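Engineer: Got a file for you: target32.cif, mmCIF, C-alpha atoms.
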data_structure
loop_
_atom_site.label_atom_id
_atom_site.label_comp_id
_atom_site.auth_asym_id
_atom_site.auth_seq_id
_atom_site.Cartn_x
_atom_site.Cartn_y
_atom_site.Cartn_z
CA MET A 616 5.28 23.80 20.60
CA ALA A 617 4.61 25.95 23.65
CA MET A 618 3.65 24.10 26.82
CA GLU A 619 0.28 25.85 27.03
CA ASP A 620 -0.56 24.65 23.51
CA GLN A 621 -0.19 20.99 24.43
CA ARG A 622 -3.10 18.91 25.67
CA THR A 623 -2.06 17.56 29.07
CA THR A 624 -3.88 14.89 31.07
CA VAL A 625 -3.16 14.05 34.72
CA TYR A 626 -4.97 11.08 36.21
CA LYS A 627 -4.73 8.50 38.99
CA ILE A 628 -3.45 5.01 38.16
CA ASP A 629 -6.57 3.47 39.73
CA PRO A 630 -9.21 6.01 40.83
CA ALA A 631 -11.40 3.23 42.27
CA HIS A 632 -8.68 2.02 44.66
CA PRO A 633 -9.56 2.66 48.36
CA GLU A 634 -6.19 4.37 48.85
CA SER A 635 -6.43 6.39 45.63
CA ASP A 636 -5.23 9.61 47.29
CA THR A 637 -1.85 8.05 48.10
CA LEU A 638 -1.28 6.44 44.69
CA PRO A 639 1.09 8.12 42.20
CA THR A 640 -0.34 10.04 39.25
CA LEU A 641 0.37 9.67 35.56
CA ARG A 642 0.82 12.67 33.31
CA THR A 643 0.53 12.45 29.51
CA GLU A 644 1.04 15.05 26.82
CA GLU A 645 -0.09 14.98 23.24
CA LEU A 646 3.01 14.68 21.06
CA LEU A 647 3.23 16.02 17.53
CA LEU A 648 5.68 13.89 15.53
CA ASN A 649 6.89 14.25 11.94
CA MET A 650 7.46 10.76 10.53
CA GLY A 651 9.40 10.92 7.28
CA PRO A 652 10.25 11.59 4.59
CA GLN A 653 13.73 10.84 5.97
CA HIS A 654 12.65 7.69 7.78
CA PRO A 655 13.42 4.00 7.12
CA ALA A 656 9.71 3.18 6.91
CA THR A 657 8.83 5.93 4.42
CA HIS A 658 11.81 5.57 2.04
CA GLY A 659 11.98 9.28 1.39
CA VAL A 660 8.66 9.25 -0.48
CA LEU A 661 6.10 10.06 2.23
CA LYS A 662 5.72 12.32 5.25
CA VAL A 663 3.14 11.59 7.95
CA ILE A 664 2.28 14.07 10.71
CA LEU A 665 1.32 12.04 13.77
CA GLU A 666 -0.49 13.16 16.89
CA LEU A 667 0.27 10.73 19.71
CA GLU A 668 -1.05 10.30 23.21
CA GLY A 669 1.26 7.76 24.75
CA GLU A 670 1.01 4.65 22.54
CA ARG A 671 -2.33 5.76 21.13
CA LEU A 672 -2.41 7.37 17.71
CA VAL A 673 -4.86 10.27 17.88
CA LYS A 674 -4.52 11.55 14.32
CA SER A 675 -2.47 10.79 11.21
CA THR A 676 -2.11 13.28 8.36
CA PRO A 677 -0.22 12.08 5.25
CA VAL A 678 1.69 14.65 3.20
CA LEU A 679 2.04 13.45 -0.38
CA GLY A 680 4.10 14.57 -3.33
CA TYR A 681 7.62 13.45 -2.40
CA LEU A 682 7.86 10.84 -5.15
CA HIS A 683 8.12 11.65 -8.85
CA ARG A 684 9.05 8.58 -10.90
CA GLY A 685 8.43 9.80 -14.44
CA VAL A 686 7.39 6.25 -15.37
CA GLU A 687 4.91 7.32 -18.02
CA LYS A 688 7.55 9.44 -19.76
CA LEU A 689 10.04 6.57 -19.67
CA ALA A 690 7.46 4.30 -21.28
CA GLU A 691 7.19 6.58 -24.29
CA ALA A 692 10.79 5.85 -25.28
CA GLY A 693 10.54 2.05 -25.36
CA THR A 694 8.56 -0.81 -26.76
CA TYR A 695 5.93 -2.71 -24.84
CA HIS A 696 8.40 -5.50 -24.14
CA GLN A 697 11.20 -3.14 -23.08
CA PHE A 698 8.98 -1.52 -20.46
CA ILE A 699 8.34 -4.73 -18.50
CA PRO A 700 11.40 -4.33 -16.19
CA HIS A 701 10.28 -0.82 -15.26
CA THR A 702 7.04 -2.13 -13.76
CA ASP A 703 8.63 -4.33 -11.10
CA ARG A 704 10.46 -1.32 -9.64
CA LEU A 705 7.10 0.21 -8.70
CA ASP A 706 6.69 -2.24 -5.80
CA TYR A 707 9.80 -4.27 -5.06
CA VAL A 708 8.12 -6.20 -2.22
CA CYS A 709 5.70 -7.82 -4.70
CA ALA A 710 7.39 -7.09 -8.01
CA MET A 711 5.97 -10.03 -9.98
CA TYR A 712 2.46 -8.63 -9.62
CA ASN A 713 3.45 -5.44 -11.41
CA ASN A 714 4.79 -7.44 -14.36
CA PHE A 715 1.62 -9.53 -14.35
CA ALA A 716 -0.77 -6.55 -14.36
CA TYR A 717 1.16 -4.74 -17.07
CA CYS A 718 1.36 -7.77 -19.36
CA ARG A 719 -2.35 -8.40 -18.99
CA ALA A 720 -3.10 -4.80 -19.96
CA VAL A 721 -1.06 -5.14 -23.16
CA GLU A 722 -2.61 -8.54 -23.89
CA LYS A 723 -6.05 -6.98 -23.63
CA LEU A 724 -4.94 -4.29 -26.06
CA MET A 725 -3.61 -6.90 -28.52
CA ASN A 726 -6.54 -9.33 -28.12
CA ILE A 727 -4.18 -12.09 -26.99
CA THR A 728 -5.40 -15.37 -25.55
CA VAL A 729 -2.66 -16.77 -23.30
CA PRO A 730 -2.09 -20.56 -23.54
CA ASP A 731 -3.41 -22.64 -20.65
CA ARG A 732 0.03 -23.85 -19.63
CA ALA A 733 1.31 -20.28 -19.35
CA GLU A 734 -1.75 -19.33 -17.27
CA TYR A 735 -1.04 -22.11 -14.79
CA LEU A 736 2.61 -21.06 -14.54
CA ARG A 737 1.61 -17.41 -14.08
CA THR A 738 -0.84 -18.29 -11.32
CA ILE A 739 1.76 -20.41 -9.50
CA VAL A 740 4.29 -17.57 -9.51
CA ALA A 741 1.63 -15.03 -8.49
CA GLU A 742 0.73 -17.11 -5.43
CA VAL A 743 4.41 -17.63 -4.57
CA GLN A 744 4.72 -13.84 -4.67
CA ARG A 745 1.65 -13.58 -2.43
CA ILE A 746 3.33 -15.79 0.16
CA ILE A 747 6.49 -13.69 -0.01
CA GLY A 748 4.47 -10.49 0.42
CA HIS A 749 2.47 -11.78 3.37
CA GLN A 750 5.60 -13.07 5.08
CA PHE A 751 7.16 -9.63 4.70
CA TRP A 752 4.05 -7.98 6.16
CA LEU A 753 3.68 -10.46 9.00
CA GLY A 754 7.33 -10.33 10.04
CA THR A 755 7.64 -6.54 10.00
CA GLN A 756 4.23 -5.99 11.61
CA ALA A 757 5.17 -8.32 14.47
CA LEU A 758 8.54 -6.61 14.85
CA ASP A 759 6.95 -3.16 15.00
CA ILE A 760 4.53 -3.98 17.80
CA GLY A 761 6.50 -6.21 20.13
CA ALA A 762 7.05 -9.72 18.70
CA MET A 763 10.59 -9.69 17.38
CA GLY A 764 11.08 -13.46 17.10
CA VAL A 765 8.39 -13.90 14.44
CA PHE A 766 10.27 -11.50 12.18
CA PHE A 767 13.24 -13.88 11.99
CA TYR A 768 11.06 -16.94 11.39
CA CYS A 769 9.11 -15.25 8.57
CA PHE A 770 12.25 -14.05 6.84
CA ARG A 771 13.92 -17.45 7.28
CA ASP A 772 11.13 -19.08 5.30
CA ARG A 773 10.83 -16.17 2.88
CA GLU A 774 14.46 -16.66 1.87
CA ILE A 775 13.60 -20.09 0.45
CA LEU A 776 11.23 -18.53 -2.05
CA MET A 777 13.55 -15.61 -2.77
CA ASP A 778 16.19 -18.16 -3.79
CA TRP A 779 13.53 -19.90 -5.87
CA PHE A 780 12.85 -16.63 -7.68
CA ASP A 781 16.59 -16.23 -8.24
CA GLU A 782 16.70 -19.59 -10.00
CA LEU A 783 13.52 -18.79 -11.94
CA CYS A 784 14.51 -15.44 -13.43
CA GLY A 785 17.95 -14.45 -12.11
CA ALA A 786 16.66 -11.87 -9.61
CA ARG A 787 15.39 -11.93 -6.05
CA LEU A 788 13.75 -8.54 -5.62
CA THR A 789 13.14 -6.70 -8.91
CA THR A 790 12.04 -9.77 -10.80
CA SER A 791 11.05 -9.99 -14.47
CA TRP A 792 9.65 -13.27 -15.78
CA TYR A 793 6.16 -12.51 -17.09
CA ARG A 794 6.02 -11.77 -20.80
CA ILE A 795 3.35 -10.37 -23.09
CA GLY A 796 1.41 -13.42 -24.19
CA GLY A 797 2.94 -15.82 -21.67
CA VAL A 798 6.14 -16.21 -19.66
CA GLU A 799 9.87 -16.06 -20.30
CA ARG A 800 10.44 -19.80 -19.88
CA ASP A 801 8.94 -22.97 -18.44
CA PHE A 802 9.80 -24.35 -15.00
CA THR A 803 12.85 -26.57 -14.84
CA PRO A 804 12.66 -29.95 -13.03
CA SER A 805 14.74 -28.38 -10.24
CA LEU A 806 12.24 -25.55 -9.75
CA LEU A 807 9.32 -27.95 -9.63
CA GLU A 808 11.01 -30.18 -7.08
CA LYS A 809 12.03 -27.30 -4.82
CA LEU A 810 8.55 -25.81 -4.91
CA LYS A 811 6.94 -29.14 -4.00
CA GLN A 812 9.35 -29.47 -1.07
CA PHE A 813 8.43 -25.99 0.13
CA LEU A 814 4.70 -26.77 -0.05
CA ASP A 815 5.24 -29.72 2.29
CA TYR A 816 7.52 -27.70 4.59
CA PHE A 817 5.53 -24.48 4.87
CA PRO A 818 2.06 -25.17 6.42
CA PRO A 819 3.49 -26.29 9.81
CA LYS A 820 5.53 -23.07 9.86
CA ILE A 821 2.35 -21.01 9.45
CA ASP A 822 1.03 -22.81 12.53
CA GLU A 823 4.19 -21.74 14.38
CA TYR A 824 3.71 -18.09 13.42
CA GLN A 825 0.23 -18.17 14.94
CA VAL A 826 1.39 -19.81 18.16
CA PHE A 827 4.17 -17.28 18.67
CA LEU A 828 1.87 -14.30 18.08
CA GLU A 829 -1.38 -15.40 19.64
CA THR A 830 0.30 -16.33 22.93
CA ASN A 831 2.04 -12.96 23.10
CA ARG A 832 -0.01 -10.69 25.40
CA ILE A 833 1.69 -7.53 24.18
CA TRP A 834 0.94 -8.33 20.54
CA ILE A 835 -2.65 -9.33 21.29
CA GLY A 836 -3.20 -6.12 23.25
CA ARG A 837 -2.01 -4.08 20.28
CA THR A 838 -4.13 -5.84 17.65
CA LYS A 839 -7.49 -6.97 19.09
CA GLY A 840 -10.01 -4.14 19.11
CA VAL A 841 -7.43 -1.71 17.72
CA ALA A 842 -7.91 0.45 14.59
CA ILE A 843 -11.40 -0.83 13.79
CA ILE A 844 -12.59 -0.04 10.26
CA SER A 845 -16.24 -0.75 9.50
CA ALA A 846 -17.27 -2.28 6.18
CA GLU A 847 -18.93 1.00 5.18
CA ASP A 848 -15.81 3.03 5.93
CA ALA A 849 -13.58 0.50 4.17
CA VAL A 850 -15.59 0.88 0.97
CA SER A 851 -15.83 4.67 1.37
CA PHE A 852 -12.06 4.99 1.87
CA GLY A 853 -11.37 2.90 -1.23
CA LEU A 854 -9.53 0.18 0.69
CA SER A 855 -8.69 -3.08 -1.06
CA GLY A 856 -6.99 -6.42 -0.59
CA PRO A 857 -6.71 -7.95 2.90
CA THR A 858 -7.51 -4.58 4.50
CA LEU A 859 -10.88 -4.48 2.77
CA ARG A 860 -11.66 -8.14 3.46
CA GLY A 861 -10.58 -7.69 7.09
CA SER A 862 -13.62 -5.44 7.47
CA GLY A 863 -15.88 -8.24 6.21
CA VAL A 864 -16.29 -7.04 2.61
CA ASP A 865 -16.39 -10.08 0.33
CA TYR A 866 -14.43 -8.75 -2.65
CA ASP A 867 -11.45 -10.51 -4.16
CA LEU A 868 -10.79 -10.00 -7.86
CA ARG A 869 -9.56 -13.58 -8.16
CA LYS A 870 -13.21 -14.51 -7.55
CA ALA A 871 -15.20 -11.39 -8.48
CA GLN A 872 -13.53 -10.90 -11.88
CA SER A 873 -11.61 -14.11 -12.16
CA TYR A 874 -8.56 -14.23 -14.44
CA SER A 875 -5.63 -16.44 -15.41
CA ALA A 876 -6.01 -19.98 -13.96
CA TYR A 877 -8.03 -18.92 -10.89
CA PRO A 878 -11.40 -19.97 -12.39
CA LYS A 879 -10.06 -23.54 -12.49
CA CYS A 880 -8.86 -23.54 -8.88
CA GLU A 881 -10.83 -24.15 -5.69
CA PHE A 882 -9.99 -21.79 -2.84
CA SER A 883 -11.71 -19.77 -0.14
CA VAL A 884 -11.71 -16.02 0.49
CA PRO A 885 -11.34 -15.44 4.27
CA LEU A 886 -13.28 -12.52 5.74
CA GLY A 887 -12.88 -10.63 9.02
CA LYS A 888 -15.65 -10.02 11.55
CA ASN A 889 -14.56 -7.00 13.59
CA GLY A 890 -12.45 -4.98 11.14
CA ASP A 891 -9.60 -4.55 13.63
CA THR A 892 -5.86 -5.05 13.26
CA TYR A 893 -6.18 -8.64 14.43
CA ASP A 894 -8.66 -9.45 11.67
CA ARG A 895 -6.34 -7.98 9.06
CA TYR A 896 -3.56 -10.20 10.43
CA TRP A 897 -5.86 -13.25 10.42
CA ILE A 898 -6.85 -12.65 6.78
CA ARG A 899 -3.22 -12.75 5.65
CA VAL A 900 -2.43 -15.88 7.63
CA GLN A 901 -5.43 -17.70 6.14
CA GLU A 902 -4.42 -16.55 2.67
CA LEU A 903 -1.05 -18.26 3.19
CA TYR A 904 -2.88 -21.57 3.56
CA GLU A 905 -5.04 -20.80 0.52
CA SER A 906 -1.99 -19.93 -1.60
CA VAL A 907 -0.48 -23.32 -0.84
CA LYS A 908 -3.75 -24.93 -1.92
CA ILE A 909 -3.86 -22.97 -5.20
CA ILE A 910 -0.24 -23.75 -6.08
CA ARG A 911 -0.78 -27.47 -5.50
CA GLN A 912 -3.76 -27.49 -7.87
CA CYS A 913 -1.88 -25.59 -10.58
CA LEU A 914 1.15 -27.86 -10.31
CA GLU A 915 -1.06 -30.89 -10.80
CA ARG A 916 -3.00 -29.46 -13.74
CA HIS A 917 -0.22 -27.70 -15.65
CA ARG A 918 1.35 -31.06 -16.46
CA CYS A 919 -1.75 -31.99 -18.50
CA SER A 920 -1.80 -28.73 -20.44
CA GLY A 921 -0.15 -28.61 -23.84
CA ASP A 922 2.59 -26.34 -25.10
CA ASP A 923 1.49 -23.56 -27.39
CA ALA A 924 3.19 -20.55 -29.00
CA ARG A 925 1.51 -17.85 -31.02
CA ARG A 926 2.48 -14.59 -32.69
CA HIS A 927 0.29 -11.50 -32.38
CA ARG A 928 0.17 -8.10 -34.01
CA LEU A 929 -0.39 -4.92 -32.00
CA THR A 930 -3.54 -2.84 -32.47
CA PRO A 931 -3.99 0.78 -31.29
CA GLY A 932 -5.96 1.79 -28.23
CA LYS A 933 -5.84 1.74 -24.43
CA GLY A 934 -5.31 -1.19 -22.09
CA ALA A 935 -5.68 -1.46 -18.31
CA GLY A 936 -4.77 -4.56 -16.31
CA GLY A 937 -5.82 -4.90 -12.66
CA LEU A 938 -5.14 -7.67 -10.16
CA GLU A 939 -5.42 -8.69 -6.51
CA THR A 940 -2.02 -8.43 -4.80
CA PRO A 941 -1.12 -9.34 -1.21
CA ARG A 942 -1.21 -5.64 -0.35
CA TYR A 943 -3.96 -3.99 -2.38
CA TYR A 944 -5.82 -3.91 -5.67
CA ARG A 945 -3.52 -2.83 -8.47
CA LEU A 946 -4.36 -1.38 -11.89
CA ARG A 947 -1.94 -0.81 -14.72
CA HIS A 948 -2.73 1.28 -17.83
CA ARG A 949 -1.06 1.19 -21.23
CA HIS A 950 -1.79 3.49 -24.16
CA ARG A 951 -0.85 3.41 -27.83
CA TYR A 952 -2.14 5.91 -30.35
CA LEU A 953 0.44 6.16 -33.15
CA LEU A 954 0.47 3.55 -35.90
CA PRO A 955 3.01 3.09 -38.71
CA GLY A 956 2.30 5.61 -41.42
CA ASN A 957 1.27 8.25 -38.84
CA HIS A 958 -2.31 6.97 -38.57
CA HIS A 959 -3.89 7.82 -35.24
CA GLN A 960 -6.61 5.75 -33.68
CA GLU A 961 -7.99 5.32 -30.16
CA ARG A 962 -9.82 2.25 -28.83
CA PRO A 963 -10.66 2.08 -25.09
CA SER A 964 -10.03 -1.30 -23.48
CA TYR A 965 -10.03 -1.99 -19.76
CA LEU A 966 -9.13 -5.14 -17.85
CA HIS A 967 -9.02 -5.71 -14.09
CA ARG A 968 -7.15 -8.29 -12.06
CA SER A 969 -6.91 -9.11 -8.36
CA VAL A 970 -3.54 -9.16 -6.59
CA HIS A 971 -2.30 -10.08 -3.13
CA ARG A 972 -1.19 -6.92 -1.16
#
For the file at hand, write its structure as structure tokens.
Structural biologist:
Amino acid sequence: MAMEDQRTTVYKIDPAHPESDTLPTLRTEELLLNMGPQHPATHGVLKVILELEGERLVKSTPVLGYLHRGVEKLAEAGTYHQFIPHTDRLDYVCAMYNNFAYCRAVEKLMNITVPDRAEYLRTIVAEVQRIIGHQFWLGTQALDIGAMGVFFYCFRDREILMDWFDELCGARLTTSWYRIGGVERDFTPSLLEKLKQFLDYFPPKIDEYQVFLETNRIWIGRTKGVAIISAEDAVSFGLSGPTLRGSGVDYDLRKAQSYSAYPKCEFSVPLGKNGDTYDRYWIRVQELYESVKIIRQCLERHRCSGDDARRHRLTPGKGAGGLETPRYYRLRHRHRYLLPGNHHQERPSYLHRSVHR
């Protein structure tokens, strides 16, 4: 970019100072920066053109179209059950939620009623995944804007649950444990004991995260009053999850269109007041406390629920399962038109669920 094309600002450090004429001047230039697609934060799937003025982001223009998964085409070659492991690859930070949404879409299509015990187990694992997702967000967000220590503490505690997932289903990242109509298997006594220990261990650690961040002047300066999104804009932009609730919009699918065991659990939906980066941080921290509360209730009640197994036959039509993840609202579709004997039939069927991201 030619020098004359750049916006340049020259100003005094403190114009109101009595000796302003002798103070040094600061000179800033607007910087045009291409972030991605070859960037660790964009994973080769996204390019963002940034206009910067010092630390301040003036404009951000996303360039889409770098990612072509072919997931729908892959789904055509397998059964409903075989496609489950494909869904967790769509978001490896919160993989369990993808399995959950997909299974609920197929269950809607097949008119399946999931047993109570399986619903409690599903809800427990969903909230464990929410904690994992929020720890990932909190640690990396703190690292990016000047609070490196919190990153290590978040990932230290996150590892406990990643190991718990490993024992649950044999995988830490691309997990697969939800099944159409229920789950792969029940919790072992070891899994129950380790989860109860974590629930006692974790709340004081959340308090530590807040102390480390909220006493950090650099972090506070880069979150409070920064990137304010009004409630009207949040709805207009189609935001969801903690980002939407950070702007004060009271919408959480776990409450608004309750599913699984959430109707039987008591929990609060925290809401922001200012719609800034700090509020979006605060929402996620409060949701960590609420997740612990939900898991405790499900652990207590699942013991009283009976075991049940049913067989179901597939019917043609469309299914869509949505849920509230730690990051955003997620919707999964599933279609089936061809029946044995080459009979074609279409039956719309839509289901929504609330997930944590």
Engineer: Nearest to Ile835 of chain A: which of A:Phe766, A:Tyr707, A:Phe751, A:Tyr896 is it, counting only C-alpha atoms?
Structural biologist: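 Residue with the minimum atom-to-atom distance to Ile835 of chain A: A:Tyr896.
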Engineer: Do you know which residues the PyMOL selection byres ((chain A and resi 671) around 12) returns on this file, as number ranges by chain?
Structural biologist: A: 643-646, 665-670, 672-675, 837, 841-842
Engineer: Extract, using all atoms listed in the file, all DNA, RNA and protein residues at most 9 Å from Pro677 of chain A, discarding same-chain residues fewer than 6 positions from it, and format them as a list in words.
Structural biologist: Leu661, Lys662, Val663, Ile664 and Leu665 of chain A
Engineer: Decode the PyMOL selection byres ((chain A and resi 866) around 10) for the given file into explicit residues and return them as a list in words.
Structural biologist: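 After applying the PyMOL selection byres ((chain A and resi 866) around 10), what remains is Ser855, Gly856, Pro857, Leu859, Arg860, Gly863, Val864, Asp865, Asp867, Leu868, Arg869, Lys870, Ala871, Gln872, Val884, Leu886, Glu939 and Ser969 of chain A.
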Engineer: Can you work out the spacing between atom CA of Trp834 of chain A and atom CA of Ala757 of chain A in Å, to one decimal?
Structural biologist: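 Interatomic distance here is 7.4 Å.
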Engineer: Pull the neighbourhood of (9.7, -5.6, 24.9) for me: all residues within 12 Å in file coordinates, counting all atoms listed in the file, as a PDB file with C-alpha atoms, in the frame of the given file.
Structural biologist:
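Once everything was written out, this is point_19.pdb:
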ATOM      1  CA  ALA A 757       5.170  -8.320  14.470  1.00  0.00           C
ATOM      2  CA  LEU A 758       8.540  -6.610  14.850  1.00  0.00           C
ATOM      3  CA  ASP A 759       6.950  -3.160  15.000  1.00  0.00           C
ATOM      4  CA  ILE A 760       4.530  -3.980  17.800  1.00  0.00           C
ATOM      5  CA  GLY A 761       6.500  -6.210  20.130  1.00  0.00           C
ATOM      6  CA  ALA A 762       7.050  -9.720  18.700  1.00  0.00           C
ATOM      7  CA  MET A 763      10.590  -9.690  17.380  1.00  0.00           C
ATOM      8  CA  GLY A 764      11.080 -13.460  17.100  1.00  0.00           C
ATOM      9  CA  ASN A 831       2.040 -12.960  23.100  1.00  0.00           C
ATOM     10  CA  ARG A 832      -0.010 -10.690  25.400  1.00  0.00           C
ATOM     11  CA  ILE A 833       1.690  -7.530  24.180  1.00  0.00           C
ATOM     12  CA  TRP A 834       0.940  -8.330  20.540  1.00  0.00           C
TER      13      TRP A 834
END
Engineer: If we count only C-alpha atoms, what is near Val686 of chain A at a cut-off of 10 Å, once residues fewer than 2 positions away on the same chain are taken out, given as a PDB file with C-alpha atoms, in the coordinates of the input?
Structural biologist:
ATOM      1  CA  HIS A 683       8.120  11.650  -8.850  1.00  0.00           C
ATOM      2  CA  ARG A 684       9.050   8.580 -10.900  1.00  0.00           C
ATOM      3  CA  LYS A 688       7.550   9.440 -19.760  1.00  0.00           C
ATOM      4  CA  LEU A 689      10.040   6.570 -19.670  1.00  0.00           C
ATOM      5  CA  ALA A 690       7.460   4.300 -21.280  1.00  0.00           C
ATOM      6  CA  GLU A 691       7.190   6.580 -24.290  1.00  0.00           C
ATOM      7  CA  PHE A 698       8.980  -1.520 -20.460  1.00  0.00           C
ATOM      8  CA  HIS A 701      10.280  -0.820 -15.260  1.00  0.00           C
ATOM      9  CA  THR A 702       7.040  -2.130 -13.760  1.00  0.00           C
ATOM     10  CA  ARG A 704      10.460  -1.320  -9.640  1.00  0.00           C
ATOM     11  CA  LEU A 705       7.100   0.210  -8.700  1.00  0.00           C
TER      12      LEU A 705
END
Engineer: Which residue, A:Cys913, A:Ala692, A:Ile746, A:Asp815, has the smallest gap to Tyr877 of chain A when you use all atoms listed in the file?
Structural biologist: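 So, comparing all the options, the nearest one is A:Cys913.
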Engineer: Under the rule of at most 9 Å, produce a per-residue listing of segment 647-725 of chain A near segment 774-790 of chain A: chain, number, name, the closest pair of atoms, and the distance in Å, as JSON lines, using all atoms listed in the file.
Structural biologist:
{"residue": "A:Pro700", "atom": "CA", "partner": "A:Thr790", "partner_atom": "CA", "distance": 7.7}
{"residue": "A:Asp703", "atom": "CA", "partner": "A:Thr789", "partner_atom": "CA", "distance": 5.5}
{"residue": "A:Arg704", "atom": "CA", "partner": "A:Thr789", "partner_atom": "CA", "distance": 6.1}
{"residue": "A:Asp706", "atom": "CA", "partner": "A:Thr789", "partner_atom": "CA", "distance": 8.4}
{"residue": "A:Tyr707", "atom": "CA", "partner": "A:Thr789", "partner_atom": "CA", "distance": 5.6}
{"residue": "A:Val708", "atom": "CA", "partner": "A:Leu788", "partner_atom": "CA", "distance": 7.0}
{"residue": "A:Cys709", "atom": "CA", "partner": "A:Leu788", "partner_atom": "CA", "distance": 8.1}
{"residue": "A:Ala710", "atom": "CA", "partner": "A:Thr789", "partner_atom": "CA", "distance": 5.8}
{"residue": "A:Met711", "atom": "CA", "partner": "A:Thr790", "partner_atom": "CA", "distance": 6.1}
{"residue": "A:Asn714", "atom": "CA", "partner": "A:Thr790", "partner_atom": "CA", "distance": 8.4}
Engineer: Closest to Val798 of chain A among A:Thr676, A:Thr738, A:Gln756, A:Gln653, using all atoms listed in the file?
Structural biologist: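 The answer is A:Thr738, which sits nearest to Val798 of chain A.
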Engineer: Out of A:Lys839, A:Arg800, A:Arg773, A:Arg745, which residue has the shortest atom-to-atom distance to Phe813 of chain A when counting all atoms listed in the file?
Structural biologist: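 Closest to Phe813 of chain A of all the choices is A:Arg773.
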Engineer: Out of A:Tyr735, A:Phe817, A:Phe802, A:Tyr712, which residue has the shortest atom-to-atom distance to Gln750 of chain A when counting all atoms listed in the file?
Structural biologist: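 Of A:Tyr735, A:Phe817, A:Phe802, A:Tyr712, the one nearest Gln750 of chain A is A:Phe817, counting all atoms listed in the file.
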Engineer: Just so the selection is clear, what residues does the PyMOL selection byres ((chain A and resi 749) around 12) cover here, as a compact mmCIF listing (two decimals) with C-alpha atoms, in the frame of the given file?
Structural biologist:
# COMPACT_ATOMS: atom_id res chain seq x y z
CA VAL A 708 8.12 -6.20 -2.22
CA CYS A 709 5.70 -7.82 -4.70
CA GLU A 742 0.73 -17.11 -5.43
CA VAL A 743 4.41 -17.63 -4.57
CA GLN A 744 4.72 -13.84 -4.67
CA ARG A 745 1.65 -13.58 -2.43
CA ILE A 746 3.33 -15.79 0.16
CA ILE A 747 6.49 -13.69 -0.01
CA GLY A 748 4.47 -10.49 0.42
CA GLN A 750 5.60 -13.07 5.08
CA PHE A 751 7.16 -9.63 4.70
CA TRP A 752 4.05 -7.98 6.16
CA LEU A 753 3.68 -10.46 9.00
CA GLY A 754 7.33 -10.33 10.04
CA THR A 755 7.64 -6.54 10.00
CA GLN A 756 4.23 -5.99 11.61
CA ALA A 757 5.17 -8.32 14.47
CA PHE A 766 10.27 -11.50 12.18
CA CYS A 769 9.11 -15.25 8.57
CA PHE A 770 12.25 -14.05 6.84
CA ASP A 772 11.13 -19.08 5.30
CA ARG A 773 10.83 -16.17 2.88
CA ILE A 821 2.35 -21.01 9.45
CA TYR A 824 3.71 -18.09 13.42
CA GLY A 856 -6.99 -6.42 -0.59
CA PRO A 857 -6.71 -7.95 2.90
CA ARG A 895 -6.34 -7.98 9.06
CA TYR A 896 -3.56 -10.20 10.43
CA TRP A 897 -5.86 -13.25 10.42
CA ILE A 898 -6.85 -12.65 6.78
CA ARG A 899 -3.22 -12.75 5.65
CA VAL A 900 -2.43 -15.88 7.63
CA GLN A 901 -5.43 -17.70 6.14
CA GLU A 902 -4.42 -16.55 2.67
CA LEU A 903 -1.05 -18.26 3.19
CA TYR A 904 -2.88 -21.57 3.56
CA SER A 906 -1.99 -19.93 -1.60
CA THR A 940 -2.02 -8.43 -4.80
CA PRO A 941 -1.12 -9.34 -1.21
CA ARG A 942 -1.21 -5.64 -0.35
CA TYR A 943 -3.96 -3.99 -2.38
CA VAL A 970 -3.54 -9.16 -6.59
CA HIS A 971 -2.30 -10.08 -3.13
CA ARG A 972 -1.19 -6.92 -1.16
Engineer: Measuring atom to atom with all atoms listed in the file, identify which of A:Glu799, A:Pro878, A:Asn889, A:Ala741 is nearest to Ile910 of chain A.
Structural biologist: A:Ala741
Engineer: At what distance in Å, to one decimal, does atom CA of Tyr768 of chain A lie from atom CA of Gly887 of chain A?
Structural biologist: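 So the two atoms, atom CA of Gly887 of chain A and atom CA of Tyr768 of chain A, lie 24.9 Å apart.
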Engineer: Neighbours of Cys880 of chain A within 8 Å (all atoms listed in the file; same-chain residues fewer than 4 positions away dropped), as a VMD selection string?
Structural biologist: chain A and resid 876 909 912 to 913
Engineer: Would you write out those residues with C-alpha atoms, as a compact mmCIF listing (two decimals), in the frame of the given file?
Structural biologist:
# COMPACT_ATOMS: atom_id res chain seq x y z
CA ALA A 876 -6.01 -19.98 -13.96
CA ILE A 909 -3.86 -22.97 -5.20
CA GLN A 912 -3.76 -27.49 -7.87
CA CYS A 913 -1.88 -25.59 -10.58
Engineer: Report, in Å to a single decimal, how far apart atom CA of Glu722 of chain A and atom CA of Glu915 of chain A are.
Structural biologist: 25.9 Å
